[in-house]
Amino acid sequence: MKIKDGSAGMVYICGAGPGDPKLLTLRALDLIKQADVILYDRLIGERIIELFPVNTEKIYVGRNVGDPTTHQNRTNELMVKYAEMGKSVLRLKGGDPFIFGRGGEEAEILMENNIPFEIIPGITSGIGAAIYSGIPLTHRKYGSAVAFVTGHEDPDKKTPEVNWEKLFDAVDTVVVYMGTEKLGIIIDKIKTANNNDKKPVAIIQNGTLKNQKVIIGDLSNIAMLSKQANVKPPAIVIIGDIVKLNEKIGWFVPEKEN
């Protein structure tokens, strides 16, 4: 890739995994130790932030509530700015940068500005949370097809792209990111379309972390159970018969609340 005037630095768009620092890739940890600047989002927890070197410039670029665009524009500007200064820039993102992480949009910006970059995958939160709650997303007896969908689409879209009513015509298991805010609406659409309110549902809050919380129910009661448990983001929703395996093979024991 061309480097503008031979002076541009490098940007690394890197997934930090679902939260547990032990799930960082070796490449991610190496970049954390060597980057000049780290741009990190709100899904990067304290245990990972503690790994940032003291002398590294650290800039929080997470989204504030009600601000769907400004933070991304600022992130884009900072990546370009520091790279053009010849800096090594680590854009550290929760989960995987290409799974609902805007990594593709950021790579486009870098390409347009002739900035060299590398993209490093991470364990996406849907997979990490499922594994740490004892729910295999595929299983020969319960499901051979899984869909990853977002419960929070771009508000600028004229029409939503997730066809909730038809999802279970094609797959056995659905993993919903950012779905807690509109959980009731999503559940009602799936329940009505499938004429079945007993399909198992799991909500995993703070997946892979010491304070992980798992709520198990079905389409008929999961919205109520979520409210009773005061579920807050970040949380993953898993819908499908495969959720039943949580009771059998759940292995991770989070810390008890005081």
# chains A, B, ... in the order shown; residues from 1 in each chain; ligands from 1
$ residues_around --residues "Ala35 of chain A" --least-positions-apart "2" --cutoff "10 Å" --atoms "only C-alpha atoms" --output "NGL selection string"
:A and (10-12 or 30-33 or 37-38 or 52-53 or 56-58 or 87-91)
$ select_by_dssp --residues "segment 44-94 of chain A" --states "alpha helix (DSSP H)" --output "ChimeraX atom specification"
/A:46-49,70-84
$ closest_residue --among "A:Gln205, A:Asn221, A:Gln228, A:Asn195" --to "Pro18 of chain A" --atoms "only C-alpha atoms"
A:Gln205
$ select_by_dssp --residues "segment 38-187 of chain A" --states "strand (DSSP E)" --output "list in words"
Ile38, Leu39, Tyr40, Glu57, Lys58, Ile59, Tyr60, Ser88, Val89, Leu90, Arg91, Leu92, Lys93, Phe117, Glu118, Ile119, Ile120, Val146, Ala147, Phe148, Val149, Thr150, Thr173, Val174, Val175, Val176 and Tyr177 of chain A
$ closest_residue --among "A:Arg63, A:Arg42, A:His71, A:Lys93" --to "Gly17 of chain A" --atoms "only C-alpha atoms"
A:Lys93
$ closest_residue --among "A:Glu161, A:Glu105, A:Glu255, A:Asp188" --to "Thr208 of chain A" --atoms "only C-alpha atoms"
A:Glu255
$ atom_distance --atom1 "atom CA of Ile249 of chain A" --atom2 "atom CA of Lys232 of chain A"
24.9 Å
$ atom_distance --atom1 "atom CA of Ala8 of chain A" --atom2 "atom CA of Leu43 of chain A"
28.2 Å
$ closest_residue --among "A:Pro136, A:Gly19, A:Pro97, A:Gly9" --to "Glu84 of chain A" --atoms "only C-alpha atoms"
A:Gly9
$ closest_residue --among "A:Thr150, A:Ile115, A:Ile216, A:Ile120" --to "Leu29 of chain A" --atoms "only C-alpha atoms"
A:Ile120
$ closest_residue --among "A:Gly86, A:Gly94, A:Gly126, A:Gly101" --to "Asp36 of chain A" --atoms "only C-alpha atoms"
A:Gly86
$ residues_around --residues "segment 176-181 of chain A" --least-positions-apart "3" --cutoff "9 Å" --atoms "only C-alpha atoms" --output "mmCIF file with N, CA and C atoms, in the first residue's frame"
data_model
loop_
_atom_site.group_PDB
_atom_site.id
_atom_site.type_symbol
_atom_site.label_atom_id
_atom_site.label_comp_id
_atom_site.auth_asym_id
_atom_site.auth_seq_id
_atom_site.Cartn_x
_atom_site.Cartn_y
_atom_site.Cartn_z
ATOM 1 N N PHE A 100 -20.085 -6.104 13.572
ATOM 2 C CA PHE A 100 -20.783 -4.969 14.173
ATOM 3 C C PHE A 100 -19.810 -4.033 14.886
ATOM 4 N N SER A 125 -17.973 -10.981 20.568
ATOM 5 C CA SER A 125 -18.643 -11.153 21.857
ATOM 6 C C SER A 125 -19.741 -12.209 21.823
ATOM 7 N N GLY A 126 -20.392 -12.375 20.676
ATOM 8 C CA GLY A 126 -21.439 -13.394 20.577
ATOM 9 C C GLY A 126 -20.896 -14.788 20.788
ATOM 10 N N ALA A 147 -27.273 -17.475 12.928
ATOM 11 C CA ALA A 147 -27.236 -16.126 12.349
ATOM 12 C C ALA A 147 -26.836 -15.125 13.422
ATOM 13 N N PHE A 148 -25.946 -14.195 13.048
ATOM 14 C CA PHE A 148 -25.563 -13.095 13.925
ATOM 15 C C PHE A 148 -26.263 -11.838 13.409
ATOM 16 N N VAL A 149 -27.048 -11.200 14.242
ATOM 17 C CA VAL A 149 -27.809 -10.029 13.806
ATOM 18 C C VAL A 149 -27.683 -8.918 14.853
ATOM 19 N N THR A 150 -27.947 -7.710 14.428
ATOM 20 C CA THR A 150 -27.908 -6.583 15.347
ATOM 21 C C THR A 150 -29.317 -6.134 15.711
ATOM 22 N N GLY A 151 -29.507 -5.830 16.969
ATOM 23 C CA GLY A 151 -30.788 -5.303 17.418
ATOM 24 C C GLY A 151 -30.831 -3.792 17.375
ATOM 25 N N HIS A 152 -29.743 -3.186 16.892
ATOM 26 C CA HIS A 152 -29.662 -1.726 16.835
ATOM 27 C C HIS A 152 -29.086 -1.323 15.489
ATOM 28 N N GLY A 184 -38.226 -6.429 23.781
ATOM 29 C CA GLY A 184 -39.655 -6.750 23.713
ATOM 30 C C GLY A 184 -40.184 -6.760 22.295
ATOM 31 N N ILE A 186 -38.397 -7.166 19.477
ATOM 32 C CA ILE A 186 -37.771 -8.264 18.743
ATOM 33 C C ILE A 186 -38.439 -9.592 19.081
ATOM 34 N N ILE A 203 -29.968 -14.631 27.823
ATOM 35 C CA ILE A 203 -29.335 -13.313 27.776
ATOM 36 C C ILE A 203 -28.072 -13.400 28.611
ATOM 37 N N ALA A 223 -38.537 -11.270 28.247
ATOM 38 C CA ALA A 223 -38.573 -9.816 28.418
ATOM 39 C C ALA A 223 -38.824 -9.465 29.883
ATOM 40 N N SER A 226 -35.704 -10.381 31.961
ATOM 41 C CA SER A 226 -34.649 -9.406 31.719
ATOM 42 C C SER A 226 -34.881 -8.143 32.550
ATOM 43 N N VAL A 231 -31.145 -6.131 33.445
ATOM 44 C CA VAL A 231 -30.085 -6.351 32.460
ATOM 45 C C VAL A 231 -29.693 -5.024 31.801
ATOM 46 N N LYS A 232 -28.391 -4.813 31.711
ATOM 47 C CA LYS A 232 -27.841 -3.618 31.076
ATOM 48 C C LYS A 232 -26.813 -4.031 30.024
ATOM 49 N N PRO A 233 -26.619 -3.205 28.992
ATOM 50 C CA PRO A 233 -25.548 -3.489 28.034
ATOM 51 C C PRO A 233 -24.189 -3.435 28.729
ATOM 52 N N PRO A 234 -23.195 -4.176 28.241
ATOM 53 C CA PRO A 234 -23.269 -5.028 27.050
ATOM 54 C C PRO A 234 -23.882 -6.388 27.365
ATOM 55 N N ALA A 235 -24.744 -6.826 26.479
ATOM 56 C CA ALA A 235 -25.406 -8.116 26.658
ATOM 57 C C ALA A 235 -25.684 -8.734 25.296
ATOM 58 N N ILE A 236 -25.617 -10.062 25.253
ATOM 59 C CA ILE A 236 -25.892 -10.828 24.041
ATOM 60 C C ILE A 236 -27.149 -11.662 24.280
ATOM 61 N N VAL A 237 -27.992 -11.748 23.263
ATOM 62 C CA VAL A 237 -29.204 -12.568 23.343
ATOM 63 C C VAL A 237 -29.061 -13.752 22.392
ATOM 64 N N ILE A 238 -29.315 -14.958 22.887
ATOM 65 C CA ILE A 238 -29.246 -16.164 22.059
ATOM 66 C C ILE A 238 -30.603 -16.829 22.082
ATOM 67 N N ILE A 239 -31.137 -17.120 20.894
ATOM 68 C CA ILE A 239 -32.470 -17.704 20.772
ATOM 69 C C ILE A 239 -32.374 -19.006 19.995
#
$ atom_distance --atom1 "atom CA of Glu46 of chain A" --atom2 "atom CA of Asp96 of chain A"
18.1 Å
